[in-house]
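Here's model-v3.tsv, which has TSV, C-alpha atoms and all ligand atoms:
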```
chain	number	residue	atom	x	y	z
P	24	MET	CA	294.29	92.72	122.83
P	25	LYS	CA	290.79	91.39	122.30
P	26	ASP	CA	290.61	88.10	120.39
P	27	LYS	CA	288.83	88.23	117.07
P	28	VAL	CA	285.47	86.46	117.10
P	29	SER	CA	283.99	84.99	113.96
P	30	PHE	CA	280.52	83.53	113.40
P	31	THR	CA	279.16	80.65	111.33
P	32	LEU	CA	275.51	80.08	110.56
P	33	GLY	CA	274.25	76.63	109.61
P	34	ILE	CA	270.74	76.46	108.18
P	35	ASP	CA	269.01	73.12	107.77
P	36	ILE	CA	266.08	73.46	105.40
P	37	GLY	CA	264.06	70.32	106.02
P	38	SER	CA	260.65	69.41	104.70
P	39	TYR	CA	259.01	69.77	108.14
P	40	SER	CA	260.97	72.61	109.67
P	41	VAL	CA	263.88	74.98	109.12
P	42	LYS	CA	266.50	74.73	111.86
P	43	CYS	CA	269.42	77.02	112.28
P	44	ALA	CA	272.40	77.21	114.59
P	45	GLU	CA	274.77	80.15	114.90
P	46	VAL	CA	278.14	79.46	116.46
P	47	SER	CA	280.88	81.88	117.52
P	48	HIS	CA	284.54	80.98	117.15
P	49	GLU	CA	287.31	82.55	119.14
P	50	GLU	CA	290.91	81.42	119.08
P	51	GLY	CA	291.87	79.24	122.03
P	52	ARG	CA	288.25	78.66	123.06
P	53	PRO	CA	285.73	76.00	122.15
P	54	PRO	CA	283.11	77.12	119.63
P	55	LYS	CA	280.03	78.50	121.39
P	56	LEU	CA	276.44	78.10	120.28
P	57	GLN	CA	274.95	81.60	120.20
P	58	GLN	CA	271.47	80.92	118.97
P	59	VAL	CA	269.18	78.21	117.73
P	60	VAL	CA	265.96	78.75	115.82
P	61	ARG	CA	263.34	76.28	114.60
P	62	VAL	CA	260.53	77.40	112.32
P	63	LEU	CA	257.85	74.91	111.29
P	64	ILE	CA	257.04	74.80	107.58
P	65	PRO	CA	253.32	75.41	107.02
P	66	ASN	CA	251.77	72.30	105.39
P	67	ALA	CA	255.29	70.89	104.97
P	68	SER	CA	255.15	72.32	101.40
P	69	LYS	CA	257.58	74.14	99.07
P	70	GLU	CA	255.66	77.41	99.40
P	71	GLY	CA	255.64	76.83	103.15
P	72	ALA	CA	259.43	76.55	103.11
P	73	ALA	CA	259.73	80.00	101.50
P	74	GLU	CA	257.36	81.39	104.14
P	75	ALA	CA	259.32	79.75	106.98
P	76	PHE	CA	262.50	81.25	105.59
P	77	ARG	CA	260.93	84.69	105.41
P	78	GLN	CA	259.83	84.39	109.03
P	79	LEU	CA	263.28	83.29	110.08
P	80	PHE	CA	264.99	86.34	108.61
P	81	SER	CA	262.30	88.82	109.60
P	82	LYS	CA	262.37	87.83	113.28
P	83	ARG	CA	266.07	87.30	113.82
P	84	SER	CA	269.30	89.06	113.29
P	85	PHE	CA	272.47	87.08	112.87
P	86	SER	CA	276.05	88.14	113.42
P	87	ALA	CA	277.28	85.81	110.66
P	88	LYS	CA	277.59	87.52	107.30
P	89	LYS	CA	277.33	84.32	105.27
P	90	LEU	CA	275.39	81.14	105.68
P	91	ARG	CA	275.91	77.42	105.21
P	92	VAL	CA	273.32	75.05	103.80
P	93	ALA	CA	273.04	71.32	103.21
P	94	VAL	CA	271.32	69.18	100.60
P	95	SER	CA	269.73	65.75	100.84
P	96	GLY	CA	267.32	63.49	99.04
P	97	PRO	CA	267.09	61.16	96.08
P	98	ALA	CA	268.95	63.51	93.69
P	99	LEU	CA	272.07	62.80	95.74
P	100	ILE	CA	274.23	59.74	95.21
P	101	ILE	CA	276.87	58.62	97.71
P	102	ARG	CA	278.98	55.56	96.95
P	103	ARG	CA	282.08	53.93	98.36
P	104	ILE	CA	284.20	52.85	95.40
P	105	GLN	CA	287.66	51.35	94.90
P	106	MET	CA	290.22	53.13	92.73
P	107	PRO	CA	293.86	52.43	91.92
P	108	ARG	CA	296.23	54.30	94.26
P	109	LEU	CA	296.48	57.80	92.82
P	110	THR	CA	297.46	61.22	94.10
P	111	TYR	CA	294.65	63.63	94.94
P	112	SER	CA	295.01	65.54	91.68
P	113	GLU	CA	295.24	62.35	89.59
P	114	LEU	CA	292.12	61.12	91.28
P	115	LYS	CA	290.34	64.38	90.57
P	116	GLY	CA	291.00	63.88	86.86
P	117	ALA	CA	289.95	60.22	86.90
P	118	MET	CA	286.86	60.66	89.02
P	119	ARG	CA	284.64	62.10	86.33
P	120	PHE	CA	285.03	59.02	84.13
P	121	GLU	CA	284.75	56.63	87.06
P	122	ALA	CA	281.64	58.39	88.34
P	123	GLU	CA	279.78	57.71	85.08
P	124	SER	CA	279.42	54.03	85.92
P	125	HIS	CA	278.04	54.73	89.41
P	126	ILE	CA	275.61	57.54	88.78
P	127	PRO	CA	272.22	57.07	87.20
P	128	PHE	CA	272.08	60.71	85.93
P	129	PRO	CA	273.97	62.34	83.03
P	130	ILE	CA	277.32	63.32	84.50
P	131	ASP	CA	277.12	66.83	83.01
P	132	ASP	CA	274.05	67.47	85.17
P	133	CYS	CA	275.95	66.65	88.37
P	134	LEU	CA	278.34	68.29	90.77
P	135	LEU	CA	280.94	65.81	92.01
P	136	ASP	CA	282.95	65.59	95.17
P	137	PHE	CA	285.02	62.83	96.75
P	138	GLN	CA	286.95	61.89	99.85
P	139	ILE	CA	289.87	59.45	99.96
P	140	LEU	CA	289.13	57.03	102.80
P	141	ASP	CA	291.83	54.41	103.19
P	142	GLU	CA	293.96	51.89	101.32
P	143	THR	CA	292.92	48.30	100.72
P	144	PRO	CA	294.92	45.80	102.86
P	145	ASP	CA	297.15	44.84	99.87
P	146	LYS	CA	297.86	48.59	99.41
P	147	LYS	CA	297.21	48.33	95.67
P	148	LYS	CA	293.96	50.24	95.75
P	149	MET	CA	292.22	52.83	97.81
P	150	ASN	CA	288.66	53.31	98.96
P	151	VAL	CA	287.06	56.54	97.93
P	152	LEU	CA	283.72	58.04	98.88
P	153	LEU	CA	282.09	59.54	95.83
P	154	VAL	CA	279.37	62.16	96.22
P	155	ALA	CA	277.31	63.40	93.28
P	156	ALA	CA	274.49	65.91	93.52
P	157	LYS	CA	272.27	66.96	90.64
P	158	ARG	CA	273.05	70.57	89.79
P	159	ASP	CA	269.34	71.45	89.98
P	160	LEU	CA	269.20	70.33	93.59
P	161	VAL	CA	272.04	72.59	94.63
P	162	GLN	CA	270.88	75.49	92.47
P	163	GLN	CA	267.36	75.34	93.89
P	164	ARG	CA	268.74	75.47	97.39
P	165	LEU	CA	271.03	78.37	96.59
P	166	GLN	CA	268.24	80.32	94.88
P	167	GLY	CA	266.01	79.76	97.90
P	168	VAL	CA	268.48	81.43	100.23
P	169	ALA	CA	269.82	84.05	97.77
P	170	ALA	CA	266.47	85.84	97.98
P	171	HIS	CA	267.42	86.85	101.54
P	172	GLY	CA	270.53	88.65	100.44
P	173	MET	CA	273.05	86.50	102.25
P	174	ASP	CA	275.91	84.76	100.51
P	175	VAL	CA	276.35	81.02	100.88
P	176	GLU	CA	279.84	80.10	102.01
P	177	LEU	CA	279.42	76.33	102.13
P	178	VAL	CA	277.14	73.64	100.73
P	179	ASP	CA	277.33	70.28	102.44
P	180	VAL	CA	275.27	67.10	102.55
P	181	ASP	CA	272.87	66.40	105.47
P	182	VAL	CA	274.40	63.04	106.35
P	183	PHE	CA	277.97	64.42	106.48
P	184	CYS	CA	276.75	67.20	108.76
P	185	VAL	CA	275.31	64.60	111.14
P	186	ILE	CA	278.64	62.72	111.04
P	187	ASN	CA	280.48	65.96	111.75
P	188	ALA	CA	278.13	66.84	114.62
P	189	PHE	CA	278.75	63.41	116.14
P	190	GLU	CA	282.53	63.74	115.72
P	191	LYS	CA	282.53	67.10	117.49
P	192	LEU	CA	279.77	66.61	120.04
P	193	GLY	CA	278.92	62.93	120.36
P	194	GLU	CA	280.07	60.51	122.99
P	195	ASN	CA	280.54	57.03	121.72
P	196	SER	CA	279.48	55.74	125.10
P	197	GLN	CA	279.48	52.20	123.79
P	198	GLY	CA	283.19	52.67	122.98
P	199	GLU	CA	282.70	51.05	119.59
P	200	ARG	CA	285.26	51.24	116.75
P	201	VAL	CA	282.27	50.80	114.49
P	202	HIS	CA	279.01	52.62	114.98
P	203	GLY	CA	276.01	53.65	112.97
P	204	LEU	CA	274.37	57.08	112.80
P	205	LEU	CA	270.73	57.20	111.80
P	206	ASN	CA	268.99	60.54	111.37
P	207	ILE	CA	265.24	60.23	110.81
P	208	GLY	CA	263.66	63.35	109.30
P	209	HIS	CA	260.20	63.85	107.83
P	210	GLN	CA	260.52	62.93	104.15
P	211	GLY	CA	263.76	61.08	104.44
P	212	SER	CA	266.43	59.62	106.65
P	213	SER	CA	270.15	59.13	106.40
P	214	PHE	CA	272.29	56.27	107.62
P	215	ALA	CA	276.05	56.09	107.96
P	216	VAL	CA	278.33	53.41	109.31
P	217	ILE	CA	281.57	54.80	110.70
P	218	GLN	CA	284.58	52.54	111.06
P	219	ASP	CA	287.66	53.92	112.83
P	220	LYS	CA	286.30	57.45	112.35
P	221	LEU	CA	285.87	57.01	108.57
P	222	PRO	CA	282.52	56.67	106.84
P	223	PHE	CA	282.27	53.15	105.40
P	224	TYR	CA	278.66	53.16	104.31
P	225	VAL	CA	276.52	56.23	103.68
P	226	ARG	CA	272.97	56.23	102.34
P	227	GLU	CA	269.98	58.46	101.93
P	228	ILE	CA	266.71	56.60	102.50
P	229	ALA	CA	263.43	58.07	101.26
P	230	VAL	CA	261.46	57.17	104.40
P	231	GLY	CA	260.91	59.39	107.45
P	232	GLY	CA	258.38	60.49	110.05
P	233	ARG	CA	255.84	61.38	107.38
P	234	GLU	CA	255.30	57.67	106.72
P	235	VAL	CA	254.33	57.24	110.38
P	236	THR	CA	251.81	60.09	110.12
P	237	LYS	CA	250.40	58.59	106.92
P	238	ALA	CA	250.12	55.13	108.49
P	239	LEU	CA	248.40	56.60	111.55
P	240	ALA	CA	245.97	58.57	109.36
P	241	GLN	CA	245.13	55.43	107.42
P	242	MET	CA	244.77	53.18	110.43
P	243	GLN	CA	242.54	55.66	112.29
P	244	GLY	CA	240.64	56.91	109.24
P	245	ILE	CA	241.56	60.53	110.03
P	246	PRO	CA	243.21	63.31	107.95
P	247	GLU	CA	247.01	63.63	108.06
P	248	PRO	CA	247.11	66.91	110.05
P	249	GLU	CA	245.04	65.24	112.78
P	250	ALA	CA	247.26	62.17	112.74
P	251	GLU	CA	250.31	64.44	112.99
P	252	LYS	CA	248.89	65.95	116.21
P	253	LEU	CA	248.17	62.51	117.64
P	254	LYS	CA	251.72	61.47	116.85
P	255	ILE	CA	253.24	64.49	118.62
P	256	GLU	CA	251.08	63.74	121.67
P	257	ASN	CA	252.55	60.25	121.66
P	258	ALA	CA	249.12	58.60	121.75
P	259	PRO	CA	249.07	54.81	122.32
P	260	GLU	CA	248.09	54.20	118.66
P	261	VAL	CA	251.45	55.64	117.56
P	262	SER	CA	253.24	52.39	118.31
P	263	SER	CA	251.62	50.33	115.55
P	264	ALA	CA	251.82	53.28	113.14
P	265	VAL	CA	255.59	53.49	113.73
P	266	GLN	CA	255.86	49.77	113.06
P	267	LYS	CA	253.90	50.05	109.82
P	268	GLY	CA	255.26	53.40	108.61
P	269	LEU	CA	258.91	52.66	109.27
P	270	GLU	CA	258.89	49.10	107.90
P	271	PRO	CA	260.53	50.13	104.59
P	272	LEU	CA	263.21	51.98	106.59
P	273	MET	CA	263.87	48.87	108.64
P	274	ASP	CA	264.21	46.81	105.46
P	275	GLU	CA	266.81	49.25	104.13
P	276	LEU	CA	268.65	49.20	107.44
P	277	ARG	CA	268.74	45.40	107.64
P	278	HIS	CA	270.16	45.35	104.13
P	279	ALA	CA	272.71	48.07	104.99
P	280	VAL	CA	273.86	46.31	108.16
P	281	ASP	CA	274.26	42.98	106.32
P	282	TYR	CA	276.14	44.69	103.52
P	283	PHE	CA	278.48	46.43	105.92
P	284	GLU	CA	279.17	43.34	107.99
P	285	ASN	CA	279.81	41.16	104.92
P	286	GLU	CA	282.09	43.70	103.26
P	287	SER	CA	284.08	44.68	106.34
P	288	GLY	CA	284.06	41.48	108.41
P	289	GLU	CA	283.21	43.67	111.43
P	290	SER	CA	280.06	43.80	113.48
P	291	LEU	CA	277.88	46.82	114.03
P	292	ARG	CA	276.60	46.78	117.58
P	293	TRP	CA	275.44	50.32	118.24
P	294	ILE	CA	273.42	52.82	116.19
P	295	GLY	CA	273.10	56.42	117.43
P	296	LEU	CA	269.77	57.98	116.58
P	297	SER	CA	268.76	61.59	115.92
P	298	GLY	CA	266.28	63.70	113.92
P	299	GLY	CA	262.68	64.63	114.71
P	300	GLY	CA	261.41	61.32	113.36
P	301	ALA	CA	263.25	59.54	116.18
P	302	THR	CA	261.43	61.47	118.93
P	303	ALA	CA	258.73	58.94	119.81
P	304	PRO	CA	260.36	56.55	122.32
P	305	VAL	CA	258.92	53.55	120.52
P	306	VAL	CA	261.20	54.27	117.53
P	307	SER	CA	264.44	53.32	119.27
P	308	SER	CA	262.96	50.30	121.03
P	309	LEU	CA	261.43	49.02	117.81
P	310	LEU	CA	264.63	49.50	115.82
P	311	SER	CA	266.67	47.78	118.55
P	312	GLU	CA	264.34	44.83	118.50
P	313	GLU	CA	264.08	44.56	114.72
P	314	LEU	CA	267.76	45.00	113.99
P	315	GLY	CA	269.08	43.06	116.99
P	316	ARG	CA	271.50	45.92	117.85
P	317	THR	CA	271.45	48.65	120.46
P	318	VAL	CA	269.74	51.68	118.92
P	319	SER	CA	269.61	54.75	121.18
P	320	LEU	CA	269.37	58.53	120.91
P	321	TRP	CA	272.75	60.22	121.17
P	322	ASP	CA	273.19	63.34	123.23
P	323	ASN	CA	274.74	66.35	121.46
P	324	SER	CA	274.53	68.63	124.52
P	325	LYS	CA	277.32	67.43	126.81
P	326	LYS	CA	280.25	68.78	124.83
P	327	LEU	CA	278.45	71.81	123.47
P	328	SER	CA	279.27	75.15	124.96
P	329	VAL	CA	276.07	77.22	124.90
P	330	SER	CA	275.76	80.99	125.31
P	331	GLU	CA	273.40	82.40	127.95
P	332	SER	CA	271.44	84.09	125.20
P	333	ALA	CA	270.61	80.87	123.32
P	334	ASP	CA	267.14	79.34	123.69
P	335	ARG	CA	268.02	76.45	126.00
P	336	GLU	CA	264.45	75.25	126.28
P	337	LEU	CA	264.18	74.82	122.53
P	338	LEU	CA	267.50	73.07	122.47
P	339	ALA	CA	266.59	70.70	125.29
P	340	LYS	CA	263.29	69.80	123.67
P	341	HIS	CA	264.47	69.42	120.08
P	342	SER	CA	268.24	68.88	120.40
P	343	GLY	CA	268.36	65.87	118.06
P	344	GLU	CA	266.78	67.93	115.29
P	345	PHE	CA	269.69	70.39	115.29
P	346	ASN	CA	272.45	68.00	114.25
P	347	VAL	CA	272.51	69.03	110.59
P	348	ALA	CA	272.58	72.75	111.49
P	349	LEU	CA	275.21	72.14	114.19
P	350	GLY	CA	277.32	69.97	111.90
P	351	LEU	CA	277.24	72.79	109.32
P	352	ALA	CA	278.11	75.53	111.81
P	353	LEU	CA	280.95	73.51	113.37
P	354	ARG	CA	282.45	72.37	110.05
P	355	GLY	CA	286.02	73.28	109.33
P	356	VAL	CA	286.58	75.12	112.57
P	357	LYS	CA	289.32	74.10	114.96
P	358	GLN	CA	288.19	73.16	118.45
P	359	GLY	CA	289.68	75.27	121.25
P	360	LYS	CA	291.92	73.68	123.83
K	401	LIG	N1	257.45	65.31	119.67
K	401	LIG	C1	257.43	64.57	118.56
K	401	LIG	N2	256.95	63.29	118.60
K	401	LIG	C2	256.93	62.55	117.48
K	401	LIG	N3	257.38	62.95	116.27
K	401	LIG	C3	257.88	64.18	116.20
K	401	LIG	C4	257.95	65.06	117.31
K	401	LIG	N4	258.51	66.23	116.93
K	401	LIG	C5	258.75	66.10	115.62
K	401	LIG	N5	258.38	64.88	115.17
K	401	LIG	C6	258.46	64.38	113.81
K	401	LIG	O1	259.74	64.60	113.30
K	401	LIG	C7	259.70	64.79	111.88
K	401	LIG	C8	260.47	66.05	111.54
K	401	LIG	O2	261.82	65.84	111.86
K	401	LIG	P1	262.98	66.76	111.28
K	401	LIG	O3	262.79	68.15	111.76
K	401	LIG	O4	264.26	66.09	111.61
K	401	LIG	O5	262.63	66.69	109.73
K	401	LIG	P2	263.11	67.63	108.54
K	401	LIG	O6	264.58	67.86	108.69
K	401	LIG	O7	262.29	68.86	108.47
K	401	LIG	O8	262.75	66.69	107.33
K	401	LIG	P3	263.64	66.12	106.12
K	401	LIG	O9	265.08	66.23	106.51
K	401	LIG	O10	263.19	64.71	105.95
K	401	LIG	O11	263.28	66.98	104.95
K	401	LIG	C9	258.22	64.91	111.51
K	401	LIG	O12	257.77	63.72	110.90
K	401	LIG	C10	257.54	65.14	112.86
K	401	LIG	O13	256.25	64.60	112.88
K	402	MG	MG	266.23	66.86	108.00
```
For this file, write the structure as C-alpha cells.
Amino acid sequence: MKDKVSFTLGIDIGSYSVKCAEVSHEEGRPPKLQQVVRVLIPNASKEGAAEAFRQLFSKRSFSAKKLRVAVSGPALIIRRIQMPRLTYSELKGAMRFEAESHIPFPIDDCLLDFQILDETPDKKKMNVLLVAAKRDLVQQRLQGVAAHGMDVELVDVDVFCVINAFEKLGENSQGERVHGLLNIGHQGSSFAVIQDKLPFYVREIAVGGREVTKALAQMQGIPEPEAEKLKIENAPEVSSAVQKGLEPLMDELRHAVDYFENESGESLRWIGLSGGGATAPVVSSLLSEELGRTVSLWDNSKKLSVSESADRELLAKHSGEFNVALGLALRGVKQGK
C-alpha cells in the first residue's frame, strides 16, 4: 500500500523578499524539501510585497492546500518571566494578568502565547516564555495571504522558526550546551540564546541589512538603490558601512550576551548566523571581533533531504535566507527514522 504523503508550505514574508519552502512528509521517511522560491519585493515596500505575493502564486503551483506564515517586528514582545509552579491550564488563566505588567500595549489588543521552559533550581517557580503579538500585526498578515484563496494553518514567530530550523537541520559543530542564533534580515534581526535546547533569551532587534545600505549610501553620497547594488557586489567600501550600519545591532548583542551570562552564570561562546543580512563575509568577522565570541554562518543543508525538482542553485546561493520558511514547513512534523 502506498504511504500517504502530506505537504506543508512555509512562507516567509520579509521586507526585502518573500521566501517559501514546500516540504513533503511521508511516514517513516525524513521530510523532503520539494521546492524553494524567493521573490524580491520591488522597492522593499508594502505595495511591493503584495506584488511579490501575486507573482509567487501566479508562477507556481503548490501541492500544499494550506500555508504557514510567521510574524516579526516591534509589535511583538517576547519575555522570559518567572511564575509560581502551576499546571498548564492554571497558567493559561493566570497569564493574561501577568502579561499586563510586561507588555507595553493594551492587553485586549494582543494575542498571547506562552511556553513553559523549566523550573527554578529551588523548584518553587518556573520559567515561562511569554509571547504577545498585537492583533493588528497578525490580522494584517492573514489578510495579505487570504487574498490568494489559501487558508492559513499556522502562524508562528520568525525567531522561533529559526530556532526550529536549527533544531531540525543545524549542526552544533562547536558542541556547545549554550549557543546563540542570530538571523539578520533587512529591516530587523532576531537573536536567541539556547541553553540545553530551551530558549533562554529571545529578542527582536530593529536593525538589519537596510542600515548597511543606508550607511553605504551616506558614506558614498549615492542613492540607496545604488548602494544596495554595491553591497551585493561586495565592494571594498562595504566593510566600513557594515561597521557603521550594524553598530546599533552590536550594542544590543553586547547587552544581550551580558544579560544572559549574568542571569545564567553560563558563557556563550558560539553564535550561529543566518539571514540575508549576514551574507557579506565581513559581517561574521566583525561580529566575532566585536563580541569576542565565535560568530559563524550555520549550514542548514547537510541534514536536509532535497527533491530533484527543487531549485538547488537558489538554495545553495541563498540557503541562510530560507531558515524562517524551513522552520515553518518543518514545524510539528515528526522526523523519519
Ligand atoms: N549577496 C548579498 N550580499 C550582501 N547582502 C545581501 C546579499 N543578498 C542579500 N543581502 C541583504 O540581505 C538583506 C535581506 O535579507 P532577508 O531576505 O533575510 O531579509 P527579509 O527577511 O526580507 O527582511 P526582514 O525579515 O528584516 O523583513 C538585505 O538587506 C539585502 O541587502
Ligand atoms: Mg526575514
> Closest to ligand MG 402 (chain K) among P:Gly268, P:Pro127, P:Gly231, P:Gly244, using only C-alpha atoms and all ligand atoms?
Replying inline: P:Gly231
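For the atom pair formed by CA of Val235 (chain P) and atom O12 of ligand LIG 401 (chain K), the distance is 7.4 Å, given to one decimal.
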>> Using Å and a single decimal, report how far CA of Val41 (chain P) sits from CA of Val318 (chain P).
In response: 25.9 Å
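Proximal residues of ligand MG 402 (chain K) are Asp35, Ile36, Gly37, Ser38, Tyr39, Ser40, Asp181, Asn206, Ile207, Gly208, His209, Gln210, Gly211, Ser212, Gly298, Gly299, Glu344 and Val347 of chain P, by a cut-off of 8 Å on only C-alpha atoms and all ligand atoms.
Reported to one decimal place, the separation of CA of Leu296 (chain P) from CA of Leu320 (chain P) is 4.4 Å.
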> Given the choices P:Ile294, P:Val151, P:Leu353, P:Ala348, which gets closest to Cys43 (chain P) if the distance is worked out from all atoms listed in the file?
Replying inline: P:Ala348
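For Ala44 (chain P), the residues within 9 Å (counting only C-alpha atoms, excluding itself and residues fewer than 6 positions away along the chain) are Thr31, Leu32, Gly33, Ile34, Asp35, Leu56, Gln57, Gln58, Val59, Val60, Phe345, Ala348, Leu349, Leu351 and Ala352 of chain P.
Distance check against ligand LIG 401 (chain K) using all atoms listed in the file: of P:Ala87, P:Val62, P:Ile100, P:Val225, the minimum falls on P:Val62.
Comparing the minimum interatomic distances between Arg52 (chain P) and each of P:Ser328, P:Gln241, P:Gln162, P:Thr236, counting all atoms listed in the file, we find that P:Ser328 sits nearest.
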> Near Phe128 (chain P), counting only C-alpha atoms, which residues have an atom at most 12 Å away, once you skip same-chain residues fewer than 6 positions from it, shown as a ChimeraX atom specification?
Replying inline: /P:97-100,122,134-135,155-159
Take the residues from that selection and write them out as a CSV table (one decimal), in the frame of the given file, keeping C-alpha atoms.
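The result, stored in again-v1.csv:
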```csv
chain,number,residue,atom,x,y,z
P,97,PRO,CA,267.1,61.2,96.1
P,98,ALA,CA,269.0,63.5,93.7
P,99,LEU,CA,272.1,62.8,95.7
P,100,ILE,CA,274.2,59.7,95.2
P,122,ALA,CA,281.6,58.4,88.3
P,134,LEU,CA,278.3,68.3,90.8
P,135,LEU,CA,280.9,65.8,92.0
P,155,ALA,CA,277.3,63.4,93.3
P,156,ALA,CA,274.5,65.9,93.5
P,157,LYS,CA,272.3,67.0,90.6
P,158,ARG,CA,273.0,70.6,89.8
P,159,ASP,CA,269.3,71.4,90.0
```
Exercise on region 166-185 of chain P, axis-aligned box with 8 Å per side, report centre and edge lengths in Å to one decimal, as JSON:
```
{"center_x": 272.9, "center_y": 75.8, "center_z": 103.0, "size_x": 29.8, "size_y": 41.6, "size_z": 32.3}
```
Mind filling out region 282-295 of chain P with N, CA and C atoms and sending it as a PDB file, in the frame of the given file?
```pdb
ATOM      1  N   TYR P 282     275.137  44.306 104.513  1.00  0.00           N
ATOM      2  CA  TYR P 282     276.140  44.690 103.520  1.00  0.00           C
ATOM      3  C   TYR P 282     277.435  45.088 104.225  1.00  0.00           C
ATOM      4  N   PHE P 283     277.294  45.957 105.214  1.00  0.00           N
ATOM      5  CA  PHE P 283     278.480  46.430 105.920  1.00  0.00           C
ATOM      6  C   PHE P 283     279.228  45.265 106.565  1.00  0.00           C
ATOM      7  N   GLU P 284     278.500  44.416 107.253  1.00  0.00           N
ATOM      8  CA  GLU P 284     279.170  43.340 107.990  1.00  0.00           C
ATOM      9  C   GLU P 284     279.835  42.344 107.036  1.00  0.00           C
ATOM     10  N   ASN P 285     279.188  42.071 105.899  1.00  0.00           N
ATOM     11  CA  ASN P 285     279.810  41.160 104.920  1.00  0.00           C
ATOM     12  C   ASN P 285     281.051  41.761 104.291  1.00  0.00           C
ATOM     13  N   GLU P 286     280.963  43.043 103.938  1.00  0.00           N
ATOM     14  CA  GLU P 286     282.090  43.700 103.260  1.00  0.00           C
ATOM     15  C   GLU P 286     283.270  43.925 104.193  1.00  0.00           C
ATOM     16  N   SER P 287     282.992  44.261 105.443  1.00  0.00           N
ATOM     17  CA  SER P 287     284.080  44.680 106.340  1.00  0.00           C
ATOM     18  C   SER P 287     284.542  43.558 107.262  1.00  0.00           C
ATOM     19  N   GLY P 288     283.717  42.538 107.460  1.00  0.00           N
ATOM     20  CA  GLY P 288     284.060  41.480 108.410  1.00  0.00           C
ATOM     21  C   GLY P 288     283.960  41.952 109.866  1.00  0.00           C
ATOM     22  N   GLU P 289     283.358  43.121 110.070  1.00  0.00           N
ATOM     23  CA  GLU P 289     283.210  43.670 111.430  1.00  0.00           C
ATOM     24  C   GLU P 289     281.735  43.600 111.826  1.00  0.00           C
ATOM     25  N   SER P 290     281.481  43.709 113.142  1.00  0.00           N
ATOM     26  CA  SER P 290     280.060  43.800 113.480  1.00  0.00           C
ATOM     27  C   SER P 290     279.675  45.196 113.935  1.00  0.00           C
ATOM     28  N   LEU P 291     278.435  45.521 113.630  1.00  0.00           N
ATOM     29  CA  LEU P 291     277.880  46.820 114.030  1.00  0.00           C
ATOM     30  C   LEU P 291     276.976  46.561 115.222  1.00  0.00           C
ATOM     31  N   ARG P 292     277.390  47.086 116.377  1.00  0.00           N
ATOM     32  CA  ARG P 292     276.600  46.780 117.580  1.00  0.00           C
ATOM     33  C   ARG P 292     275.758  47.943 118.075  1.00  0.00           C
ATOM     34  N   TRP P 293     276.187  49.180 117.714  1.00  0.00           N
ATOM     35  CA  TRP P 293     275.440  50.320 118.240  1.00  0.00           C
ATOM     36  C   TRP P 293     275.092  51.321 117.130  1.00  0.00           C
ATOM     37  N   ILE P 294     273.869  51.788 117.134  1.00  0.00           N
ATOM     38  CA  ILE P 294     273.420  52.820 116.190  1.00  0.00           C
ATOM     39  C   ILE P 294     272.917  54.021 116.987  1.00  0.00           C
ATOM     40  N   GLY P 295     273.505  55.181 116.746  1.00  0.00           N
ATOM     41  CA  GLY P 295     273.100  56.420 117.430  1.00  0.00           C
ATOM     42  C   GLY P 295     272.030  57.116 116.593  1.00  0.00           C
TER      43      GLY P 295
END
```
